[in-house]
>>> print(open('coords.txt').read())   # compact mmCIF, C-alpha atoms
# COMPACT_ATOMS: atom_id res chain seq x y z
CA GLU H 1 103.71 80.96 91.03
CA GLU H 2 107.49 80.80 90.70
CA PHE H 3 107.87 81.29 94.45
CA VAL H 4 105.33 78.56 95.24
CA ALA H 5 106.94 76.18 92.77
CA ALA H 6 110.38 76.80 94.28
CA TRP H 7 108.99 76.30 97.81
CA LEU H 8 107.45 72.98 96.83
CA ALA H 9 110.58 71.84 94.99
CA ALA H 10 112.65 72.49 98.11
CA ARG H 11 110.20 70.50 100.25
CA PRO H 12 109.46 67.21 98.49
CA GLN H 13 108.11 65.86 101.76
CA ALA H 14 105.25 68.42 101.77
CA ARG H 15 101.87 66.71 101.68
CA GLY H 16 98.33 67.98 101.53
CA VAL H 17 99.26 71.26 99.83
CA VAL H 18 96.55 72.54 97.51
CA VAL H 19 97.83 75.03 94.94
CA GLY H 20 95.46 77.50 93.34
CA SER H 21 96.15 80.38 90.99
CA LYS H 22 94.22 83.03 89.07
CA TRP H 23 94.00 84.34 85.56
CA GLY H 24 92.42 87.39 83.97
CA TYR H 25 94.81 90.29 84.47
CA GLU H 26 97.79 91.42 82.46
CA TYR H 27 100.46 93.02 84.65
CA THR H 28 101.78 96.17 82.95
CA ALA H 29 103.64 98.17 85.63
CA ASP H 30 107.00 96.39 85.21
CA TRP H 31 107.54 96.51 89.01
CA ARG H 32 107.00 100.28 89.20
CA VAL H 33 105.18 101.44 92.32
CA GLN H 34 104.21 104.72 90.67
CA VAL H 35 102.94 104.67 87.11
CA GLY H 36 102.44 107.51 84.68
CA GLU H 37 99.34 109.56 83.99
CA GLY H 38 96.67 107.36 82.46
CA GLU H 39 98.62 104.15 83.14
CA ALA H 40 97.50 101.22 85.28
CA HIS H 41 99.43 98.59 87.19
CA GLU H 42 97.37 95.87 85.56
CA LEU H 43 94.63 95.45 82.97
CA LYS H 44 91.66 93.12 83.30
CA LYS H 45 91.41 90.77 80.31
CA HIS H 46 88.74 88.10 80.62
CA THR H 47 89.23 86.65 77.15
CA SER H 48 89.90 83.17 75.81
CA ASP H 49 93.33 84.27 74.58
CA GLN H 50 94.26 85.57 78.03
CA LEU H 51 93.02 82.36 79.64
CA GLN H 52 95.04 80.14 77.35
CA SER H 53 98.15 82.32 77.63
CA GLN H 54 98.12 82.42 81.42
CA LEU H 55 97.11 78.78 81.81
CA SER H 56 100.05 77.74 79.66
CA LEU H 57 102.42 79.72 81.88
CA SER H 58 100.81 78.46 85.09
CA ARG H 59 101.16 74.85 83.97
CA GLU H 60 104.75 75.43 82.91
CA VAL H 61 105.65 76.81 86.34
CA LEU H 62 103.43 74.75 88.64
CA GLY H 63 103.16 71.53 86.66
CA GLY H 64 100.97 68.91 88.29
CA HIS H 65 100.65 70.97 91.49
CA LEU H 66 98.00 73.21 89.92
CA ALA H 67 94.73 72.06 91.50
CA LEU H 68 92.51 75.16 91.29
CA TYR H 69 92.32 77.84 88.60
CA GLN H 70 90.21 80.91 89.32
CA ILE H 71 88.92 83.82 87.28
CA HIS H 72 90.46 86.90 88.85
CA SER H 73 87.90 89.56 89.84
CA ALA H 74 84.85 88.31 87.98
CA THR H 75 81.85 90.62 87.76
CA GLU H 76 78.75 90.66 85.62
CA ALA H 77 80.09 93.82 83.97
CA SER H 78 83.30 92.13 82.83
CA GLY H 79 81.22 89.79 80.69
CA VAL H 80 83.28 86.73 81.52
CA LEU H 81 80.28 84.81 82.89
CA ASP H 82 78.53 85.26 79.53
CA ALA H 83 81.58 84.54 77.37
CA THR H 84 80.76 81.19 75.78
CA GLY H 85 84.29 80.55 74.52
CA VAL H 86 85.88 81.22 77.90
CA LEU H 87 83.32 79.09 79.73
CA ASP H 88 83.80 76.23 77.26
CA ASN H 89 87.57 76.36 77.78
CA LEU H 90 87.08 76.36 81.54
CA GLY H 91 84.84 73.33 81.16
CA THR H 92 87.62 71.54 79.30
CA LEU H 93 90.03 72.49 82.08
CA ARG H 94 87.62 71.15 84.70
CA ASP H 95 87.32 67.88 82.78
CA SER H 96 91.12 67.56 82.78
CA GLY H 97 91.06 67.37 86.58
CA VAL H 98 91.74 70.98 87.58
CA ALA H 99 89.01 72.56 89.72
CA VAL H 100 87.60 75.78 88.27
CA GLY H 101 86.70 78.69 90.49
CA LEU H 102 86.25 82.43 90.50
CA SER H 103 87.09 85.36 92.72
CA VAL H 104 84.55 88.17 92.62
CA SER H 105 84.67 91.92 93.02
CA HIS H 106 82.02 94.52 93.79
CA PRO H 107 79.15 94.08 93.10
CA GLN H 108 79.74 90.52 94.30
CA THR H 109 76.28 89.02 94.79
CA PRO H 110 75.10 89.04 91.14
CA ALA H 111 78.28 87.33 89.96
CA ILE H 112 78.11 84.68 92.69
CA LEU H 113 74.48 83.83 91.95
CA LYS H 114 75.15 83.68 88.22
CA ALA H 115 78.16 81.42 88.69
CA ILE H 116 76.14 78.96 90.75
CA GLY H 117 73.90 78.20 87.78
CA LEU H 118 76.57 77.85 85.09
CA LYS H 119 77.09 74.34 83.73
CA ARG H 120 79.13 72.59 81.09
CA SER H 121 78.40 69.05 79.90
CA GLY H 122 75.46 69.01 82.30
CA GLN H 123 77.67 69.52 85.36
CA PRO H 124 78.33 72.64 87.46
CA LEU H 125 81.26 74.57 86.01
CA PHE H 126 82.50 76.21 89.19
CA SER H 127 83.44 74.31 92.31
CA GLU H 128 84.84 77.28 94.27
CA VAL H 129 84.17 80.96 94.85
CA GLN H 130 86.38 83.50 96.60
CA ALA H 131 84.74 86.66 97.91
CA THR H 132 85.16 89.54 100.33
CA PHE H 133 83.21 88.94 103.53
CA ASN H 134 83.91 90.46 106.92
CA LEU H 135 82.37 92.24 109.89
CA LEU H 136 82.07 95.46 107.88
CA ASP H 137 80.79 94.15 104.55
CA GLN H 138 78.45 91.26 105.24
CA SER H 139 76.40 91.74 102.06
CA ALA H 140 77.65 88.68 100.16
CA GLY H 141 76.72 86.30 102.98
CA PRO H 142 73.38 85.01 101.61
CA ALA H 143 74.84 84.43 98.12
CA LEU H 144 77.87 82.64 99.55
CA GLU H 145 75.62 80.44 101.66
CA SER H 146 73.70 79.55 98.48
CA ALA H 147 76.99 78.74 96.75
CA SER H 148 77.95 76.42 99.58
CA SER H 149 74.54 74.72 99.44
CA ALA H 150 75.12 74.16 95.72
CA GLY H 151 78.37 72.33 96.50
CA MET H 152 80.89 75.11 95.95
CA LEU H 153 83.83 75.69 98.29
CA VAL H 154 83.54 79.18 99.79
CA VAL H 155 86.87 80.96 100.31
CA VAL H 156 86.75 84.28 102.16
CA LYS H 157 89.26 87.01 101.41
CA GLU H 158 89.83 90.38 103.12
CA ALA H 159 88.43 89.07 106.40
CA VAL H 160 89.92 91.97 108.34
CA ALA H 161 88.81 94.51 105.71
CA ASN H 162 92.31 95.42 104.50
CA GLY H 163 93.25 96.30 108.06
CA ARG H 164 90.29 98.60 108.71
CA LEU H 165 89.03 96.29 111.46
CA LEU H 166 92.36 96.71 113.24
CA GLN H 167 92.22 100.49 113.39
CA GLY H 168 92.28 101.88 116.90
CA ALA H 169 88.89 103.14 118.03
CA ASP H 170 90.51 106.37 119.26
CA THR H 171 91.74 107.20 115.74
CA CYS H 172 88.44 106.46 113.98
CA THR H 173 86.40 109.51 113.02
CA ASP H 174 83.20 107.54 112.41
CA ALA H 175 81.42 107.34 115.77
CA LYS H 176 79.52 104.12 115.03
CA ARG H 177 82.63 102.42 113.64
CA ALA H 178 84.68 103.56 116.61
CA GLU H 179 82.14 102.05 118.98
CA GLY H 180 82.22 98.77 117.09
CA LEU H 181 86.02 98.69 117.00
CA ALA H 182 86.15 99.33 120.73
CA LEU H 183 83.77 96.41 121.26
CA LEU H 184 85.89 94.15 119.03
CA ALA H 185 89.04 95.04 120.97
CA ALA H 186 87.38 94.59 124.35
CA GLU H 187 85.82 91.23 123.48
CA ALA H 188 89.12 90.01 122.05
CA ALA H 189 90.97 91.03 125.19
CA ALA H 190 88.40 89.21 127.33
CA LEU H 191 89.13 86.06 125.35
CA GLY H 192 92.89 86.49 125.62
CA ALA H 193 93.09 87.14 121.90
CA THR H 194 93.75 89.94 119.43
CA PRO H 195 91.14 91.80 117.32
CA ASP H 196 92.36 90.18 114.09
CA ALA H 197 91.86 86.68 115.52
CA LEU H 198 88.36 87.53 116.73
CA ALA H 199 87.42 89.09 113.38
CA LEU H 200 88.60 85.95 111.58
CA ALA H 201 86.78 83.75 114.10
CA TRP H 202 83.56 85.65 113.36
CA VAL H 203 83.97 84.73 109.69
CA LEU H 204 84.79 81.10 110.49
CA THR H 205 81.70 80.80 112.69
CA HIS H 206 79.58 80.83 109.52
CA PRO H 207 79.18 77.11 108.77
CA TRP H 208 79.30 77.65 105.01
CA VAL H 209 82.81 79.16 105.07
CA GLY H 210 85.26 76.54 103.85
CA ILE H 211 88.49 78.55 104.00
CA CYS H 212 89.25 81.97 105.48
CA LEU H 213 92.39 83.47 103.99
CA SER H 214 94.79 85.07 106.42
CA GLY H 215 96.63 87.61 104.31
CA ALA H 216 99.43 87.57 106.89
CA ALA H 217 102.59 89.44 105.89
CA SER H 218 104.81 88.08 108.67
CA ALA H 219 105.18 85.08 110.96
CA ALA H 220 103.84 87.18 113.83
CA HIS H 221 100.74 88.08 111.80
CA LEU H 222 100.19 84.43 110.95
CA LYS H 223 100.51 83.31 114.56
CA SER H 224 98.04 85.97 115.67
CA ASN H 225 95.59 85.14 112.88
CA ALA H 226 95.78 81.41 113.59
CA ASP H 227 94.39 81.96 117.08
CA ALA H 228 91.02 82.31 115.33
CA LEU H 229 90.94 78.53 115.16
CA ARG H 230 90.87 78.42 118.96
CA LEU H 231 88.04 80.95 119.16
CA ALA H 232 85.69 79.66 116.47
CA PRO H 233 82.86 78.98 116.56
CA LEU H 234 81.86 81.98 118.65
CA GLU H 235 78.99 81.80 121.09
CA ASP H 236 75.75 83.07 119.54
CA ALA H 237 75.43 86.22 121.64
CA LEU H 238 78.96 87.41 120.84
CA PHE H 239 78.59 86.50 117.18
CA ILE H 240 75.40 88.58 116.86
CA ARG H 241 76.75 91.45 118.96
CA LEU H 242 79.84 91.89 116.81
CA GLY H 243 77.94 91.59 113.54
CA ASP H 244 75.38 94.20 114.56
CA ALA H 245 77.98 96.63 115.91
CA LEU H 246 80.25 96.69 112.87
CA ARG H 247 78.00 96.10 109.84
CA GLN H 248 78.51 98.78 107.18
CA ASP H 249 76.50 99.68 104.09
CA CYS H 250 77.94 97.77 101.13
CA GLU H 251 78.30 100.77 98.81
CA GLU H 252 79.97 102.81 101.54
CA TYR H 253 82.36 99.95 102.26
CA TRP H 254 83.53 99.65 98.65
CA ALA H 255 83.79 103.41 98.16
CA GLU H 256 86.02 103.55 101.24
CA ARG H 257 88.05 100.58 100.00
CA LYS H 258 88.60 102.24 96.62
CA ALA H 259 90.03 105.32 98.35
CA LEU H 260 92.67 103.35 100.29
CA GLN H 261 96.36 103.87 99.56
CA TRP H 262 97.60 100.58 98.13
CA ASN H 263 101.30 101.37 97.61
>>> encode(input="coords.txt", output="structure tokens")
Amino acid sequence: EEFVAAWLAARPQARGVVVGSKWGYEYTADWRVQVGEGEAHELKKHTSDQLQSQLSLSREVLGGHLALYQIHSATEASGVLDATGVLDNLGTLRDSGVAVGLSVSHPQTPAILKAIGLKRSGQPLFSEVQATFNLLDQSAGPALESASSAGMLVVVKEAVANGRLLQGADTCTDAKRAEGLALLAAEAAALGATPDALALAWVLTHPWVGICLSGAASAAHLKSNADALRLAPLEDALFIRLGDALRQDCEEYWAERKALQWN
């Protein structure tokens, strides 16, 4: 938030920038990459106190730029979608002019469907949902389409599966995945594009996707990712071919994701 605020302050001419942030985790690692036995980098806290504490800080830093405030990593198990006090406070925030959204974690579909039906003062509480959706894990698609039909903005994260869709087919030990990755690379090359751009274009071809996050870590990444805008929407045959070749079981996907090295 401090970085975004500084960027905006240095560019008063910037227009059309929509600033969103998240709440619901307390960062405890104090910038340590490695933490001690039994420690965590962050702790999920979906409570009214945590909401009010983080919202106060977000408003202090971002001021009037804050346009969207999202629950970070909402699940049915976290209880936040049943927490009357939290939902009431979010309703008050919505009524003040800040859009209220949620990002979801596995299992995503139950949380998305529950969020669609939540209301405060007779009006839908959530106007946005952010979820993982990509060529490997396509399981949240029907729920996200329902969210879009209900008027929610659908924001897709992890569209290249934390880099797993960019793995070389020759280094992949899963035969089916390797075949799908080889197809992705070949089809991208035929289009004069890179696999990341084609993977993002596959996501953007779904008409209910409002925003597909890039996750770029460099200008070169961003330029490559942005080529997805040239490719989308994909022709039907290619769209279906890629989806069929790379679809993975949801539980397998998230088990694999959990085992990734994050630092």
>>> closest_residue(input="coords.txt", among="H:Leu90, H:Ile116, H:Ala131, H:Ala186", to="H:Ala74", atoms="all atoms listed in the file")
H:Ala131
>>> residues_around(input="coords.txt", residues="stretch 97-110 of chain H", least_positions_apart="2", cutoff="7 Å", atoms="all atoms listed in the file", output="list of chain:residue names")
H:Ala67, H:Leu68, H:Tyr69, H:Gln70, H:Ile71, H:His72, H:Ser73, H:Ala74, H:Thr75, H:Glu76, H:Leu90, H:Leu93, H:Arg94, H:Asp95, H:Ile112, H:Leu113, H:Lys114, H:Leu125, H:Phe126, H:Ser127, H:Glu128, H:Val129, H:Gln130, H:Ala131, H:Ala140, H:Ala143
>>> residues_around(input="coords.txt", residues="H:Phe239", least_positions_apart="6", cutoff="12 Å", atoms="all atoms listed in the file", output="PyMOL selection string")
chain H and resi 135+183-184+187+198-206+231-233+245-246
>>> closest_residue(input="coords.txt", among="H:Lys176, H:Lys157, H:His221, H:Arg120", to="H:Val209", atoms="all atoms listed in the file")
H:Lys157
>>> atom_distance(input="coords.txt", atom1="atom CA of H:Lys45", atom2="atom CA of H:Val154")
24.0 Å
>>> build_atoms(input="coords.txt", residues="stretch 226-237 of chain H", atoms="all heavy atoms", output="PDB file, in the frame of the given file")
ATOM      1  N   ALA H 226      96.099  82.816 113.376  1.00  0.00           N
ATOM      2  CA  ALA H 226      95.780  81.410 113.590  1.00  0.00           C
ATOM      3  C   ALA H 226      95.044  81.160 114.895  1.00  0.00           C
ATOM      4  O   ALA H 226      94.381  80.134 115.060  1.00  0.00           O
ATOM      5  CB  ALA H 226      97.057  80.572 113.544  1.00  0.00           C
ATOM      6  N   ASP H 227      95.110  82.105 115.808  1.00  0.00           N
ATOM      7  CA  ASP H 227      94.390  81.960 117.080  1.00  0.00           C
ATOM      8  C   ASP H 227      92.878  81.939 116.850  1.00  0.00           C
ATOM      9  O   ASP H 227      92.126  81.522 117.734  1.00  0.00           O
ATOM     10  CB  ASP H 227      94.774  83.084 118.036  1.00  0.00           C
ATOM     11  CG  ASP H 227      94.373  82.795 119.477  1.00  0.00           C
ATOM     12  OD1 ASP H 227      94.414  81.611 119.880  1.00  0.00           O
ATOM     13  OD2 ASP H 227      94.014  83.737 120.200  1.00  0.00           O
ATOM     14  N   ALA H 228      92.453  82.365 115.667  1.00  0.00           N
ATOM     15  CA  ALA H 228      91.020  82.310 115.330  1.00  0.00           C
ATOM     16  C   ALA H 228      90.500  80.876 115.397  1.00  0.00           C
ATOM     17  O   ALA H 228      89.319  80.653 115.705  1.00  0.00           O
ATOM     18  CB  ALA H 228      90.792  82.878 113.926  1.00  0.00           C
ATOM     19  N   LEU H 229      91.361  79.929 115.123  1.00  0.00           N
ATOM     20  CA  LEU H 229      90.940  78.530 115.160  1.00  0.00           C
ATOM     21  C   LEU H 229      90.588  78.077 116.569  1.00  0.00           C
ATOM     22  O   LEU H 229      89.758  77.188 116.760  1.00  0.00           O
ATOM     23  CB  LEU H 229      92.041  77.639 114.582  1.00  0.00           C
ATOM     24  CG  LEU H 229      92.414  77.910 113.122  1.00  0.00           C
ATOM     25  CD1 LEU H 229      93.621  77.077 112.715  1.00  0.00           C
ATOM     26  CD2 LEU H 229      91.230  77.617 112.211  1.00  0.00           C
ATOM     27  N   ARG H 230      91.200  78.723 117.558  1.00  0.00           N
ATOM     28  CA  ARG H 230      90.870  78.420 118.960  1.00  0.00           C
ATOM     29  C   ARG H 230      89.525  79.040 119.339  1.00  0.00           C
ATOM     30  O   ARG H 230      88.761  78.463 120.122  1.00  0.00           O
ATOM     31  CB  ARG H 230      91.971  78.965 119.871  1.00  0.00           C
ATOM     32  CG  ARG H 230      91.647  78.866 121.365  1.00  0.00           C
ATOM     33  CD  ARG H 230      92.785  79.398 122.216  1.00  0.00           C
ATOM     34  NE  ARG H 230      93.006  80.826 122.074  1.00  0.00           N
ATOM     35  CZ  ARG H 230      92.371  81.755 122.795  1.00  0.00           C
ATOM     36  NH1 ARG H 230      91.455  81.407 123.688  1.00  0.00           N
ATOM     37  NH2 ARG H 230      92.658  83.040 122.622  1.00  0.00           N
ATOM     38  N   LEU H 231      89.222  80.195 118.768  1.00  0.00           N
ATOM     39  CA  LEU H 231      88.040  80.950 119.160  1.00  0.00           C
ATOM     40  C   LEU H 231      86.761  80.482 118.472  1.00  0.00           C
ATOM     41  O   LEU H 231      85.666  80.568 119.040  1.00  0.00           O
ATOM     42  CB  LEU H 231      88.245  82.438 118.864  1.00  0.00           C
ATOM     43  CG  LEU H 231      89.461  83.114 119.506  1.00  0.00           C
ATOM     44  CD1 LEU H 231      89.550  84.557 119.040  1.00  0.00           C
ATOM     45  CD2 LEU H 231      89.381  83.038 121.022  1.00  0.00           C
ATOM     46  N   ALA H 232      86.881  80.024 117.249  1.00  0.00           N
ATOM     47  CA  ALA H 232      85.690  79.660 116.470  1.00  0.00           C
ATOM     48  C   ALA H 232      85.233  78.229 116.803  1.00  0.00           C
ATOM     49  O   ALA H 232      86.058  77.346 117.055  1.00  0.00           O
ATOM     50  CB  ALA H 232      86.001  79.759 114.976  1.00  0.00           C
ATOM     51  N   PRO H 233      83.925  78.000 116.795  1.00  0.00           N
ATOM     52  CA  PRO H 233      82.860  78.980 116.560  1.00  0.00           C
ATOM     53  C   PRO H 233      82.576  79.825 117.794  1.00  0.00           C
ATOM     54  O   PRO H 233      82.694  79.343 118.930  1.00  0.00           O
ATOM     55  CB  PRO H 233      81.661  78.098 116.207  1.00  0.00           C
ATOM     56  CG  PRO H 233      81.901  76.826 116.975  1.00  0.00           C
ATOM     57  CD  PRO H 233      83.391  76.624 116.954  1.00  0.00           C
ATOM     58  N   LEU H 234      82.187  81.078 117.555  1.00  0.00           N
ATOM     59  CA  LEU H 234      81.860  81.980 118.650  1.00  0.00           C
ATOM     60  C   LEU H 234      80.502  81.641 119.235  1.00  0.00           C
ATOM     61  O   LEU H 234      79.623  81.111 118.545  1.00  0.00           O
ATOM     62  CB  LEU H 234      81.846  83.427 118.152  1.00  0.00           C
ATOM     63  CG  LEU H 234      83.127  83.966 117.516  1.00  0.00           C
ATOM     64  CD1 LEU H 234      82.906  85.402 117.044  1.00  0.00           C
ATOM     65  CD2 LEU H 234      84.299  83.890 118.485  1.00  0.00           C
ATOM     66  N   GLU H 235      80.316  81.986 120.499  1.00  0.00           N
ATOM     67  CA  GLU H 235      78.990  81.800 121.090  1.00  0.00           C
ATOM     68  C   GLU H 235      78.012  82.742 120.394  1.00  0.00           C
ATOM     69  O   GLU H 235      78.383  83.818 119.910  1.00  0.00           O
ATOM     70  CB  GLU H 235      79.031  82.079 122.589  1.00  0.00           C
ATOM     71  CG  GLU H 235      79.417  83.506 122.951  1.00  0.00           C
ATOM     72  CD  GLU H 235      79.310  83.770 124.444  1.00  0.00           C
ATOM     73  OE1 GLU H 235      79.555  82.837 125.233  1.00  0.00           O
ATOM     74  OE2 GLU H 235      78.974  84.910 124.798  1.00  0.00           O
ATOM     75  N   ASP H 236      76.753  82.340 120.329  1.00  0.00           N
ATOM     76  CA  ASP H 236      75.750  83.070 119.540  1.00  0.00           C
ATOM     77  C   ASP H 236      75.656  84.542 119.915  1.00  0.00           C
ATOM     78  O   ASP H 236      75.599  85.415 119.030  1.00  0.00           O
ATOM     79  CB  ASP H 236      74.378  82.413 119.703  1.00  0.00           C
ATOM     80  CG  ASP H 236      74.293  81.056 119.027  1.00  0.00           C
ATOM     81  OD1 ASP H 236      75.205  80.735 118.234  1.00  0.00           O
ATOM     82  OD2 ASP H 236      73.320  80.321 119.289  1.00  0.00           O
ATOM     83  N   ALA H 237      75.624  84.840 121.213  1.00  0.00           N
ATOM     84  CA  ALA H 237      75.430  86.220 121.640  1.00  0.00           C
ATOM     85  C   ALA H 237      76.570  87.120 121.164  1.00  0.00           C
ATOM     86  O   ALA H 237      76.340  88.240 120.681  1.00  0.00           O
ATOM     87  CB  ALA H 237      75.297  86.284 123.165  1.00  0.00           C
TER      88      ALA H 237
END
